[in-house]
>>> print(open('entry05.cif').read())   # mmCIF, C-alpha atoms
data_start
loop_
_atom_site.label_atom_id
_atom_site.label_comp_id
_atom_site.auth_asym_id
_atom_site.auth_seq_id
_atom_site.Cartn_x
_atom_site.Cartn_y
_atom_site.Cartn_z
CA MET D 150 103.48 110.30 72.65
CA VAL D 151 102.61 108.15 75.66
CA VAL D 152 99.66 108.74 77.98
CA LEU D 153 98.77 107.49 81.45
CA ARG D 154 95.14 106.42 81.74
CA PRO D 155 92.86 104.06 83.72
CA VAL D 156 93.12 100.40 82.78
CA SER D 157 90.27 98.71 80.90
CA LEU D 158 89.35 95.10 80.13
CA ALA D 159 90.56 95.65 76.56
CA ASP D 160 94.08 95.94 78.03
CA LEU D 161 94.06 92.48 79.63
CA ASP D 162 96.07 90.53 77.06
CA GLN D 163 98.68 93.26 76.71
CA LEU D 164 98.88 93.64 80.49
CA VAL D 165 99.53 89.92 80.94
CA ALA D 166 102.36 90.12 78.39
CA LEU D 167 103.79 93.26 80.01
CA VAL D 168 103.76 91.84 83.56
CA ALA D 169 105.51 88.68 82.33
CA GLN D 170 108.56 90.87 81.64
CA ALA D 171 108.74 92.04 85.26
CA GLY D 172 110.12 88.84 86.75
CA PHE D 173 109.50 87.89 90.38
CA GLY D 174 108.58 90.17 93.24
CA LEU D 175 105.94 92.41 91.66
CA THR D 176 103.37 91.03 94.08
CA THR D 177 100.36 93.16 93.19
CA LEU D 178 100.61 92.35 89.48
CA PRO D 179 100.69 88.57 89.01
CA ALA D 180 101.28 87.17 85.53
CA ASP D 181 97.92 85.41 85.77
CA GLY D 182 95.12 86.33 83.40
CA ASP D 183 92.27 85.54 85.80
CA LEU D 184 93.76 87.49 88.70
CA LEU D 185 94.68 90.42 86.46
CA GLN D 186 91.12 90.49 85.13
CA GLN D 187 89.85 90.70 88.70
CA ARG D 188 92.30 93.52 89.38
CA ILE D 189 91.13 95.38 86.27
CA GLU D 190 87.46 94.95 87.14
CA GLY D 191 88.11 96.16 90.70
CA SER D 192 89.90 99.22 89.35
CA MET D 193 87.08 100.00 86.95
CA ARG D 194 84.59 99.88 89.82
CA GLY D 195 86.86 102.18 91.82
CA PHE D 196 86.95 104.81 89.09
CA GLU D 197 83.18 104.58 88.70
CA LYS D 198 82.52 105.08 92.44
CA LEU D 199 85.19 107.54 93.60
CA GLN D 200 83.92 107.19 97.17
CA GLN D 201 83.50 110.13 99.51
CA LYS D 202 85.59 108.16 101.99
CA PRO D 203 88.49 105.84 101.09
CA GLU D 204 87.45 102.20 101.47
CA GLY D 205 90.24 100.29 99.77
CA GLU D 206 89.40 101.05 96.14
CA PRO D 207 92.17 100.00 93.75
CA TYR D 208 93.04 102.42 90.96
CA LEU D 209 95.19 100.84 88.26
CA PHE D 210 96.69 102.92 85.46
CA VAL D 211 98.41 101.87 82.26
CA MET D 212 100.77 103.80 80.05
CA GLU D 213 99.80 103.60 76.38
CA ASP D 214 101.89 104.51 73.35
CA LEU D 215 99.33 106.47 71.35
CA THR D 216 101.20 105.83 68.10
CA THR D 217 101.03 102.04 68.34
CA GLY D 218 98.26 101.47 70.90
CA GLN D 219 100.69 99.34 72.90
CA VAL D 220 100.46 99.14 76.70
CA VAL D 221 104.01 99.80 77.89
CA GLY D 222 103.70 100.50 81.62
CA THR D 223 101.52 100.24 84.67
CA ALA D 224 101.15 101.98 88.04
CA GLY D 225 98.56 101.73 90.79
CA VAL D 226 97.11 103.29 93.92
CA PHE D 227 95.07 101.67 96.69
CA ALA D 228 92.81 104.20 98.41
CA LYS D 229 93.31 102.42 101.75
CA VAL D 230 95.00 99.24 102.94
CA GLY D 231 93.91 97.07 105.84
CA GLY D 232 90.42 95.97 106.80
CA PHE D 233 89.79 92.27 106.24
CA GLU D 234 93.12 92.08 104.38
CA PRO D 235 95.65 93.66 106.79
CA PHE D 236 98.81 95.33 105.61
CA TYR D 237 101.77 93.34 106.95
CA ALA D 238 105.36 94.46 107.37
CA TYR D 239 108.34 94.01 109.65
CA ARG D 240 109.11 97.02 111.81
CA ILE D 241 112.82 97.32 112.59
CA GLU D 242 113.56 98.27 116.18
CA SER D 243 116.86 98.72 118.00
CA SER D 244 117.66 98.07 121.64
CA ILE D 245 120.80 98.46 123.71
CA HIS D 246 122.32 95.40 125.42
CA GLU D 247 125.03 96.21 127.94
CA SER D 248 127.24 94.30 130.35
CA LYS D 249 129.40 96.35 132.69
CA THR D 250 131.16 93.17 133.78
CA LEU D 251 132.36 92.44 130.24
CA LYS D 252 132.49 96.11 129.32
CA ILE D 253 130.31 95.43 126.29
CA ARG D 254 127.60 97.70 124.98
CA LYS D 255 125.85 96.67 121.78
CA GLU D 256 122.91 97.90 119.75
CA ILE D 257 120.84 94.96 118.52
CA ARG D 258 118.26 95.27 115.77
CA THR D 259 115.10 93.16 115.80
CA LEU D 260 112.21 92.54 113.41
CA HIS D 261 108.66 92.91 114.77
CA LEU D 262 105.63 91.74 112.79
CA TYR D 263 103.34 94.71 112.15
CA ALA D 264 99.73 94.46 110.97
CA GLU D 265 97.72 97.54 109.97
CA HIS D 266 93.94 97.06 109.81
CA ASP D 267 92.96 100.68 109.15
CA GLY D 268 95.89 101.73 107.07
CA PRO D 269 97.01 104.48 104.76
CA SER D 270 96.81 104.74 100.99
CA GLU D 271 99.39 102.69 99.13
CA ILE D 272 101.05 103.17 95.76
CA GLY D 273 102.55 100.27 93.86
CA SER D 274 102.21 98.02 90.80
CA LEU D 275 104.76 100.14 88.95
CA PHE D 276 106.49 98.59 85.95
CA LEU D 277 107.72 100.11 82.70
CA ALA D 278 108.74 98.08 79.65
CA PRO D 279 112.54 98.19 79.30
CA SER D 280 112.38 99.66 75.78
CA TYR D 281 110.46 102.70 77.12
CA ARG D 282 112.72 103.55 80.02
CA GLY D 283 114.30 106.97 79.80
CA GLY D 284 113.04 110.20 78.30
CA GLY D 285 110.89 111.00 81.33
CA ASN D 286 108.51 108.05 80.89
CA GLY D 287 109.32 106.63 84.31
CA ARG D 288 108.60 109.95 86.02
CA LEU D 289 105.33 110.33 84.12
CA LEU D 290 104.31 106.82 85.18
CA SER D 291 105.06 107.50 88.84
CA ILE D 292 104.15 111.17 89.22
CA GLY D 293 101.07 111.10 86.98
CA ARG D 294 99.17 109.16 89.65
CA PHE D 295 100.07 111.87 92.20
CA LEU D 296 98.22 114.39 90.02
CA PHE D 297 95.20 112.08 90.23
CA MET D 298 95.55 111.98 94.02
CA ALA D 299 95.99 115.77 94.14
CA GLN D 300 92.80 116.24 92.15
CA PHE D 301 90.75 113.82 94.25
CA LYS D 302 92.38 114.21 97.69
CA LYS D 303 89.26 113.34 99.67
CA PHE D 304 89.26 109.83 98.20
CA PHE D 305 92.62 109.01 99.82
CA ASP D 306 94.09 108.64 103.29
CA PRO D 307 96.31 111.49 104.56
CA LEU D 308 99.29 109.09 104.67
CA VAL D 309 100.69 107.35 101.58
CA ILE D 310 103.08 104.39 101.69
CA ALA D 311 104.95 102.29 99.15
CA GLU D 312 106.54 98.85 99.49
CA MET D 313 109.62 98.69 97.27
CA ARG D 314 110.58 95.39 95.67
CA GLY D 315 113.44 93.77 97.58
CA VAL D 316 116.38 91.65 96.47
CA ILE D 317 115.17 88.62 94.57
CA ASP D 318 116.92 86.83 91.70
CA ALA D 319 115.67 85.72 88.29
CA GLN D 320 114.73 82.30 89.70
CA GLY D 321 112.55 83.82 92.42
CA ARG D 322 115.03 83.21 95.24
CA SER D 323 115.41 85.67 98.09
CA PRO D 324 118.08 85.36 100.83
CA PHE D 325 115.68 86.91 103.33
CA TRP D 326 112.87 84.51 102.47
CA ASP D 327 115.23 81.55 102.70
CA ALA D 328 116.29 82.69 106.19
CA ILE D 329 112.79 83.24 107.62
CA GLY D 330 109.67 82.73 105.52
CA LYS D 331 110.62 79.38 104.02
CA HIS D 332 110.83 77.79 107.48
CA PHE D 333 107.31 78.83 108.45
CA PHE D 334 105.41 78.44 105.17
CA GLU D 335 107.26 75.53 103.53
CA ILE D 336 106.63 76.99 100.07
CA ASP D 337 108.79 79.06 97.75
CA LEU D 338 108.61 82.84 97.55
CA PRO D 339 106.75 83.09 94.19
CA ARG D 340 104.04 80.81 95.58
CA ALA D 341 103.75 82.88 98.77
CA ASP D 342 103.51 86.08 96.70
CA TYR D 343 100.74 84.52 94.61
CA LEU D 344 98.77 83.32 97.64
CA SER D 345 99.06 86.72 99.32
CA ILE D 346 97.06 88.21 96.45
CA ILE D 347 94.24 85.71 96.88
CA ASN D 348 94.00 85.66 100.68
CA LYS D 349 96.45 86.93 103.31
CA ARG D 350 94.98 84.76 106.07
CA PHE D 351 97.87 82.30 105.88
CA ILE D 352 100.24 85.10 106.93
CA ALA D 353 98.36 85.62 110.20
CA ASP D 354 98.21 81.86 110.75
CA LEU D 355 101.88 81.03 110.17
CA MET D 356 104.06 84.13 110.47
CA PRO D 357 106.19 84.24 113.66
CA LYS D 358 104.68 86.53 116.28
CA HIS D 359 107.80 87.04 118.39
CA PRO D 360 110.64 89.44 117.55
CA ILE D 361 113.41 88.10 115.32
CA TYR D 362 116.98 89.07 116.21
CA ILE D 363 118.66 90.23 113.02
CA PRO D 364 122.21 89.22 114.10
CA LEU D 365 121.01 85.59 114.30
CA LEU D 366 120.14 85.56 110.60
CA PRO D 367 122.63 84.40 107.97
CA GLN D 368 124.85 87.25 106.79
CA GLU D 369 123.42 86.97 103.27
CA ALA D 370 119.94 87.68 104.65
CA GLN D 371 121.13 90.53 106.87
CA ASP D 372 122.82 92.19 103.89
CA VAL D 373 119.57 92.55 101.88
CA ILE D 374 117.34 93.98 104.63
CA GLY D 375 116.13 97.36 103.37
CA LYS D 376 117.79 96.91 99.96
CA VAL D 377 115.84 97.29 96.69
CA HIS D 378 115.81 95.20 93.55
CA ALA D 379 118.15 96.61 90.88
CA GLN D 380 115.16 97.36 88.61
CA THR D 381 113.43 99.21 91.47
CA GLU D 382 116.23 101.66 92.26
CA PRO D 383 115.01 104.30 89.73
CA ALA D 384 111.46 104.09 91.14
CA LEU D 385 112.77 104.57 94.67
CA HIS D 386 114.83 107.56 93.55
CA VAL D 387 111.75 109.21 92.02
CA LEU D 388 109.76 108.72 95.23
CA GLU D 389 112.58 110.12 97.33
CA THR D 390 112.70 113.25 95.16
CA GLU D 391 108.95 113.55 95.72
CA GLY D 392 109.42 113.60 99.50
CA PHE D 393 109.03 109.94 100.48
CA LEU D 394 111.22 108.73 103.35
CA ARG D 395 112.06 105.29 104.69
CA ASN D 396 109.78 104.58 107.64
CA GLY D 397 111.71 101.82 109.40
CA MET D 398 109.65 98.96 107.98
CA VAL D 399 110.44 96.27 105.40
CA ASP D 400 108.47 93.75 103.41
CA ILE D 401 107.85 90.47 105.25
CA PHE D 402 108.81 88.29 102.29
CA GLU D 403 111.99 89.74 100.76
CA ALA D 404 112.73 92.71 103.10
CA GLY D 405 112.42 95.50 100.54
CA PRO D 406 112.11 98.92 102.23
CA CYS D 407 108.82 100.69 102.92
CA VAL D 408 108.68 104.45 102.32
CA SER D 409 105.97 106.94 103.21
CA SER D 410 104.87 110.56 102.99
CA GLN D 411 101.94 112.69 104.01
CA LEU D 412 99.78 113.12 100.90
CA ARG D 413 99.82 116.91 101.19
CA LYS D 414 103.63 116.92 101.41
CA ILE D 415 104.26 114.96 98.21
CA ARG D 416 105.98 117.44 95.90
CA ALA D 417 103.71 116.83 92.91
CA VAL D 418 100.62 117.23 95.11
CA LYS D 419 101.94 120.33 96.89
CA GLU D 420 103.34 122.13 93.82
CA SER D 421 100.87 121.15 91.11
CA VAL D 422 98.80 123.98 89.64
CA GLN D 423 95.26 123.84 88.28
CA ALA D 424 94.40 126.18 85.42
CA ARG D 425 91.98 126.60 82.52
CA ILE D 426 93.02 126.07 78.91
CA SER D 427 92.77 129.35 77.04
CA GLN D 428 94.27 128.16 73.74
CA ILE D 429 95.13 124.92 71.99
CA VAL D 430 97.59 125.55 69.16
CA GLU D 431 98.58 123.42 66.20
CA GLY D 432 102.32 123.92 66.18
CA PRO D 433 105.08 123.60 68.78
CA ILE D 434 105.23 125.90 71.79
CA ASP D 435 108.41 127.49 73.06
CA ALA D 436 107.78 126.46 76.66
CA THR D 437 108.92 124.05 79.36
CA ASN D 438 107.62 120.50 79.36
CA PHE D 439 105.41 119.59 82.32
CA ILE D 440 103.56 116.51 83.49
CA ILE D 441 100.00 117.56 82.76
CA SER D 442 96.66 115.87 83.42
CA ASN D 443 92.99 116.47 82.92
CA THR D 444 90.78 116.78 86.00
CA GLN D 445 88.12 114.26 85.00
CA ARG D 446 87.10 110.83 86.23
CA ASP D 447 88.39 109.55 82.89
CA PHE D 448 91.83 110.60 84.09
CA ARG D 449 94.66 111.03 81.63
CA ALA D 450 98.18 112.42 82.03
CA CYS D 451 101.04 113.04 79.61
CA MET D 452 104.19 115.09 79.16
CA GLY D 453 103.85 118.31 77.18
CA PRO D 454 104.75 122.01 76.96
CA VAL D 455 102.65 124.47 78.98
CA LYS D 456 102.71 128.23 78.43
CA VAL D 457 100.93 130.73 80.65
CA ASP D 458 99.22 133.42 78.54
CA ALA D 459 98.36 137.03 79.41
CA ASP D 460 94.91 136.07 80.73
CA LYS D 461 96.47 133.67 83.22
CA GLY D 462 95.06 130.70 81.39
CA ILE D 463 97.43 128.26 79.72
CA ILE D 464 98.30 127.34 76.16
CA ILE D 465 98.90 123.71 75.16
CA THR D 466 99.47 121.93 71.85
CA LYS D 467 96.85 120.05 69.91
CA LEU D 468 98.80 116.84 70.47
CA THR D 469 98.59 117.31 74.24
CA GLY D 470 94.92 118.22 74.03
CA LEU D 471 94.14 115.05 72.09
CA ALA D 472 96.11 112.91 74.52
CA LEU D 473 94.23 114.37 77.50
CA LYS D 474 90.86 114.56 75.71
CA VAL D 475 90.41 118.21 76.68
CA LYS D 476 89.24 121.36 74.91
CA VAL D 477 89.50 125.11 75.42
CA GLY D 478 87.91 126.08 78.73
CA ASP D 479 88.62 122.74 80.42
CA ALA D 480 90.70 122.60 83.59
CA VAL D 481 94.03 120.79 83.74
CA ARG D 482 96.61 120.21 86.46
CA TYR D 483 100.35 120.40 85.82
CA VAL D 484 103.68 120.14 87.63
CA THR D 485 107.35 120.00 86.71
CA ALA D 486 108.70 116.49 86.15
CA LYS D 487 111.52 117.12 88.64
CA PRO D 488 111.99 119.39 91.64
CA THR D 489 113.15 122.85 90.54
#
>>> encode(input="entry05.cif", output="structure tokens")
Amino acid sequence: MVVLRPVSLADLDQLVALVAQAGFGLTTLPADGDLLQQRIEGSMRGFEKLQQKPEGEPYLFVMEDLTTGQVVGTAGVFAKVGGFEPFYAYRIESSIHESKTLKIRKEIRTLHLYAEHDGPSEIGSLFLAPSYRGGGNGRLLSIGRFLFMAQFKKFFDPLVIAEMRGVIDAQGRSPFWDAIGKHFFEIDLPRADYLSIINKRFIADLMPKHPIYIPLLPQEAQDVIGKVHAQTEPALHVLETEGFLRNGMVDIFEAGPCVSSQLRKIRAVKESVQARISQIVEGPIDATNFIISNTQRDFRACMGPVKVDADKGIIITKLTGLALKVKVGDAVRYVTAKPT
């Protein structure tokens, strides 16, 4: 069985090895031990505080194989983006250009630099080891964090966004970056990604402030605007089934799409049910599998059967109880892995 839980410093070495498998473009999870340690420590402080008002706390989860103790996946949530480190994106706008003399009427798309200083919550940092893909693990990794957000709604902004990884090859080359970013920063994309983790000030200093006409870009760059990395397509599909929609913005570096949803409208948040455990049984249960979590600060989520008993409590297996660290009488939250 695998379980989703908060990251700890004991996970650092395994997390470095896991992230190294992700390739380029996973900006919020650099394959750098020092930066990952800072990210872990920030997450641990976030879980300890659970502020009454979102102030940018990072919550990083890992997926652990309980049989082997191996860290096989990761997913994160930022309580709020912006502040001293603005959220940057390109907003795509369209305008009509018309000449009655030439009898030409064209719709032209442009890119406008957008900076959000008091922004929404953001999900990201999602990566699952290739050998663990399938069997519902990807959905648990993505949707499990929504159960955390459902349980602690007041710690998050009403709007949730996600930047999806754009088209970038195994060497770290992006057609969109080569068409725009490279000319302003004079560094390669992996270096820009790395620097954006440390300090985003260079973006404000060097990024073009005026609109960029998309038809003037090389065709190769135009073709990848709003497209996702091949490895990111399953993650985008999961978010779309949860109610996320494209919001007309793309990443400033490789033009991956941004998607968003109101927190209360995310399917797993809206449809999840909280109930008390009335029984924990040894053997298997003839019941549907759900994504199920505890309701504690030491948050844990897994996949397991849930059966509603006559007293309107629920019955779970001992294996699920151990994974969630819960006992009879404790509250849990559960939701179907897919829309019904």
>>> atom_distance(input="entry05.cif", atom1="CA of Pro360 in chain D", atom2="CA of Phe227 in chain D")
28.8 Å
>>> resolve_selection(input="entry05.cif", expression="the PyMOL selection byres ((chain D and resi 470) around 10)", output="list in words")
Ile426, Gln428, Ile429, Val430, Ser442, Asn443, Cys451, Gly453, Ile464, Ile465, Thr466, Lys467, Leu468, Thr469, Leu471, Ala472, Leu473, Lys474, Val475, Lys476 and Val477 of chain D
>>> closest_residue(input="entry05.cif", among="D:Ile317, D:Val168, D:Ile363, D:Leu290", to="Ser244 in chain D", atoms="only C-alpha atoms")
D:Ile363
>>> resolve_selection(input="entry05.cif", expression="the PyMOL selection byres ((chain D and resi 405) around 7)", output="ChimeraX atom specification")
/D:312-316,374-377,399-400,403-404,406-407
>>> atom_distance(input="entry05.cif", atom1="CA of Leu167 in chain D", atom2="CA of Gly222 in chain D")
7.4 Å
>>> closest_residue(input="entry05.cif", among="D:Gly182, D:Gly462, D:Gly225, D:Gly432", to="Met298 in chain D", atoms="all atoms listed in the file")
D:Gly225
>>> atom_distance(input="entry05.cif", atom1="CA of Met398 in chain D", atom2="CA of Val230 in chain D")
15.5 Å
>>> closest_residue(input="entry05.cif", among="D:Phe325, D:Tyr208, D:Tyr239, D:Phe276", to="Gly172 in chain D", atoms="all atoms listed in the file")
D:Phe276
>>> resolve_selection(input="entry05.cif", expression="the PyMOL selection byres ((chain D and resi 228) around 9)", output="list in words")
Lys202, Pro203, Glu204, Gly205, Glu206, Pro207, Tyr208, Val226, Phe227, Lys229, Val230, Pro269, Ser270, Glu271, Ile272, Phe304, Phe305 and Asp306 of chain D
>>> write_last_selection(input="entry05.cif", atoms="C-alpha atoms", output="tab-separated table (two decimals), in the coordinates of the input")
chain	number	residue	atom	x	y	z
D	202	LYS	CA	85.59	108.16	101.99
D	203	PRO	CA	88.49	105.84	101.09
D	204	GLU	CA	87.45	102.20	101.47
D	205	GLY	CA	90.24	100.29	99.77
D	206	GLU	CA	89.40	101.05	96.14
D	207	PRO	CA	92.17	100.00	93.75
D	208	TYR	CA	93.04	102.42	90.96
D	226	VAL	CA	97.11	103.29	93.92
D	227	PHE	CA	95.07	101.67	96.69
D	229	LYS	CA	93.31	102.42	101.75
D	230	VAL	CA	95.00	99.24	102.94
D	269	PRO	CA	97.01	104.48	104.76
D	270	SER	CA	96.81	104.74	100.99
D	271	GLU	CA	99.39	102.69	99.13
D	272	ILE	CA	101.05	103.17	95.76
D	304	PHE	CA	89.26	109.83	98.20
D	305	PHE	CA	92.62	109.01	99.82
D	306	ASP	CA	94.09	108.64	103.29
>>> residues_around(input="entry05.cif", residues="Gln170 in chain D", least_positions_apart="6", cutoff="10 Å", atoms="only C-alpha atoms", output="PyMOL selection string")
chain D and resi 180+276-279
>>> residues_around(input="entry05.cif", residues="Leu153 in chain D", least_positions_apart="3", cutoff="9 Å", atoms="all atoms listed in the file", output="list in words")
Phe210, Val211, Met212, Glu213, Gly222, Thr223, Ala224, Leu289, Leu290, Gly293, Arg294, Ser442, Phe448, Arg449, Ala450 and Cys451 of chain D
>>> residues_around(input="entry05.cif", residues="Ile347 in chain D", least_positions_apart="5", cutoff="10 Å", atoms="all atoms listed in the file", output="VMD selection string")
chain D and resid 184 234 342
>>> write_last_selection(input="entry05.cif", atoms="C-alpha atoms", output="compact mmCIF listing (two decimals), in the frame of the given file")
# COMPACT_ATOMS: atom_id res chain seq x y z
CA LEU D 184 93.76 87.49 88.70
CA GLU D 234 93.12 92.08 104.38
CA ASP D 342 103.51 86.08 96.70
>>> closest_residue(input="entry05.cif", among="D:Arg425, D:Arg446, D:Lys461, D:Arg240", to="Phe196 in chain D", atoms="all atoms listed in the file")
D:Arg446
>>> residues_around(input="entry05.cif", residues="Arg413 in chain D", least_positions_apart="2", cutoff="10 Å", atoms="all atoms listed in the file", output="PyMOL selection string")
chain D and resi 298-299+302+307-309+410-411+415-420
>>> decode(input="entry05.cif", residues="range 326-335 of chain D", atoms="all heavy atoms", output="PDB file, in the first residue's frame")
ATOM      1  N   TRP D 326      10.898  29.379 -25.014  1.00  0.00           N
ATOM      2  CA  TRP D 326      11.996  30.085 -24.357  1.00  0.00           C
ATOM      3  C   TRP D 326      12.992  30.616 -25.377  1.00  0.00           C
ATOM      4  O   TRP D 326      13.451  31.759 -25.284  1.00  0.00           O
ATOM      5  CB  TRP D 326      12.718  29.169 -23.374  1.00  0.00           C
ATOM      6  CG  TRP D 326      13.940  29.797 -22.773  1.00  0.00           C
ATOM      7  CD1 TRP D 326      15.235  29.653 -23.173  1.00  0.00           C
ATOM      8  CD2 TRP D 326      13.977  30.713 -21.676  1.00  0.00           C
ATOM      9  NE1 TRP D 326      16.075  30.411 -22.399  1.00  0.00           N
ATOM     10  CE2 TRP D 326      15.316  31.070 -21.467  1.00  0.00           C
ATOM     11  CE3 TRP D 326      12.998  31.261 -20.847  1.00  0.00           C
ATOM     12  CZ2 TRP D 326      15.714  31.948 -20.477  1.00  0.00           C
ATOM     13  CZ3 TRP D 326      13.393  32.138 -19.842  1.00  0.00           C
ATOM     14  CH2 TRP D 326      14.729  32.473 -19.661  1.00  0.00           C
ATOM     15  N   ASP D 327      13.304  29.795 -26.375  1.00  0.00           N
ATOM     16  CA  ASP D 327      14.262  30.229 -27.399  1.00  0.00           C
ATOM     17  C   ASP D 327      13.745  31.434 -28.177  1.00  0.00           C
ATOM     18  O   ASP D 327      14.523  32.257 -28.656  1.00  0.00           O
ATOM     19  CB  ASP D 327      14.549  29.076 -28.372  1.00  0.00           C
ATOM     20  CG  ASP D 327      15.375  27.979 -27.721  1.00  0.00           C
ATOM     21  OD1 ASP D 327      15.948  28.223 -26.636  1.00  0.00           O
ATOM     22  OD2 ASP D 327      15.445  26.869 -28.292  1.00  0.00           O
ATOM     23  N   ALA D 328      12.416  31.553 -28.301  1.00  0.00           N
ATOM     24  CA  ALA D 328      11.830  32.652 -29.070  1.00  0.00           C
ATOM     25  C   ALA D 328      11.746  33.947 -28.275  1.00  0.00           C
ATOM     26  O   ALA D 328      11.800  35.036 -28.853  1.00  0.00           O
ATOM     27  CB  ALA D 328      10.436  32.262 -29.561  1.00  0.00           C
ATOM     28  N   ILE D 329      11.607  33.849 -26.941  1.00  0.00           N
ATOM     29  CA  ILE D 329      11.404  35.058 -26.129  1.00  0.00           C
ATOM     30  C   ILE D 329      12.432  35.169 -25.001  1.00  0.00           C
ATOM     31  O   ILE D 329      13.300  36.036 -25.013  1.00  0.00           O
ATOM     32  CB  ILE D 329       9.974  35.094 -25.537  1.00  0.00           C
ATOM     33  CG1 ILE D 329       8.934  35.125 -26.658  1.00  0.00           C
ATOM     34  CG2 ILE D 329       9.804  36.332 -24.649  1.00  0.00           C
ATOM     35  CD1 ILE D 329       7.507  35.123 -26.167  1.00  0.00           C
ATOM     36  N   GLY D 330      12.327  34.297 -24.015  1.00  0.00           N
ATOM     37  CA  GLY D 330      13.118  34.448 -22.796  1.00  0.00           C
ATOM     38  C   GLY D 330      14.607  34.528 -23.023  1.00  0.00           C
ATOM     39  O   GLY D 330      15.303  35.338 -22.390  1.00  0.00           O
ATOM     40  N   LYS D 331      15.128  33.715 -23.920  1.00  0.00           N
ATOM     41  CA  LYS D 331      16.576  33.667 -24.144  1.00  0.00           C
ATOM     42  C   LYS D 331      17.136  35.020 -24.552  1.00  0.00           C
ATOM     43  O   LYS D 331      18.255  35.386 -24.180  1.00  0.00           O
ATOM     44  CB  LYS D 331      16.875  32.636 -25.235  1.00  0.00           C
ATOM     45  CG  LYS D 331      18.349  32.447 -25.537  1.00  0.00           C
ATOM     46  CD  LYS D 331      18.571  31.371 -26.580  1.00  0.00           C
ATOM     47  CE  LYS D 331      18.095  31.832 -27.953  1.00  0.00           C
ATOM     48  NZ  LYS D 331      18.447  30.835 -29.003  1.00  0.00           N
ATOM     49  N   HIS D 332      16.335  35.807 -25.284  1.00  0.00           N
ATOM     50  CA  HIS D 332      16.815  37.098 -25.781  1.00  0.00           C
ATOM     51  C   HIS D 332      16.882  38.161 -24.690  1.00  0.00           C
ATOM     52  O   HIS D 332      17.618  39.143 -24.823  1.00  0.00           O
ATOM     53  CB  HIS D 332      15.914  37.578 -26.918  1.00  0.00           C
ATOM     54  CG  HIS D 332      15.865  36.639 -28.071  1.00  0.00           C
ATOM     55  ND1 HIS D 332      16.923  36.446 -28.921  1.00  0.00           N
ATOM     56  CD2 HIS D 332      14.878  35.801 -28.506  1.00  0.00           C
ATOM     57  CE1 HIS D 332      16.601  35.550 -29.844  1.00  0.00           C
ATOM     58  NE2 HIS D 332      15.367  35.138 -29.606  1.00  0.00           N
ATOM     59  N   PHE D 333      16.129  37.978 -23.623  1.00  0.00           N
ATOM     60  CA  PHE D 333      16.105  38.970 -22.551  1.00  0.00           C
ATOM     61  C   PHE D 333      16.999  38.580 -21.373  1.00  0.00           C
ATOM     62  O   PHE D 333      17.533  39.444 -20.690  1.00  0.00           O
ATOM     63  CB  PHE D 333      14.668  39.189 -22.064  1.00  0.00           C
ATOM     64  CG  PHE D 333      13.790  39.859 -23.080  1.00  0.00           C
ATOM     65  CD1 PHE D 333      13.053  39.103 -23.989  1.00  0.00           C
ATOM     66  CD2 PHE D 333      13.720  41.239 -23.152  1.00  0.00           C
ATOM     67  CE1 PHE D 333      12.251  39.719 -24.936  1.00  0.00           C
ATOM     68  CE2 PHE D 333      12.926  41.864 -24.096  1.00  0.00           C
ATOM     69  CZ  PHE D 333      12.188  41.103 -25.002  1.00  0.00           C
ATOM     70  N   PHE D 334      17.161  37.280 -21.139  1.00  0.00           N
ATOM     71  CA  PHE D 334      17.907  36.832 -19.965  1.00  0.00           C
ATOM     72  C   PHE D 334      19.320  36.356 -20.286  1.00  0.00           C
ATOM     73  O   PHE D 334      20.169  36.301 -19.404  1.00  0.00           O
ATOM     74  CB  PHE D 334      17.142  35.700 -19.266  1.00  0.00           C
ATOM     75  CG  PHE D 334      15.811  36.126 -18.709  1.00  0.00           C
ATOM     76  CD1 PHE D 334      14.642  35.829 -19.382  1.00  0.00           C
ATOM     77  CD2 PHE D 334      15.727  36.835 -17.529  1.00  0.00           C
ATOM     78  CE1 PHE D 334      13.407  36.216 -18.881  1.00  0.00           C
ATOM     79  CE2 PHE D 334      14.503  37.238 -17.016  1.00  0.00           C
ATOM     80  CZ  PHE D 334      13.337  36.939 -17.698  1.00  0.00           C
ATOM     81  N   GLU D 335      19.540  35.942 -21.525  1.00  0.00           N
ATOM     82  CA  GLU D 335      20.857  35.479 -21.975  1.00  0.00           C
ATOM     83  C   GLU D 335      21.379  34.318 -21.134  1.00  0.00           C
ATOM     84  O   GLU D 335      22.580  34.206 -20.869  1.00  0.00           O
ATOM     85  CB  GLU D 335      21.862  36.642 -21.985  1.00  0.00           C
ATOM     86  CG  GLU D 335      21.495  37.742 -22.970  1.00  0.00           C
ATOM     87  CD  GLU D 335      22.555  38.825 -23.069  1.00  0.00           C
ATOM     88  OE1 GLU D 335      23.536  38.758 -22.299  1.00  0.00           O
ATOM     89  OE2 GLU D 335      22.405  39.733 -23.894  1.00  0.00           O
TER      90      GLU D 335
END
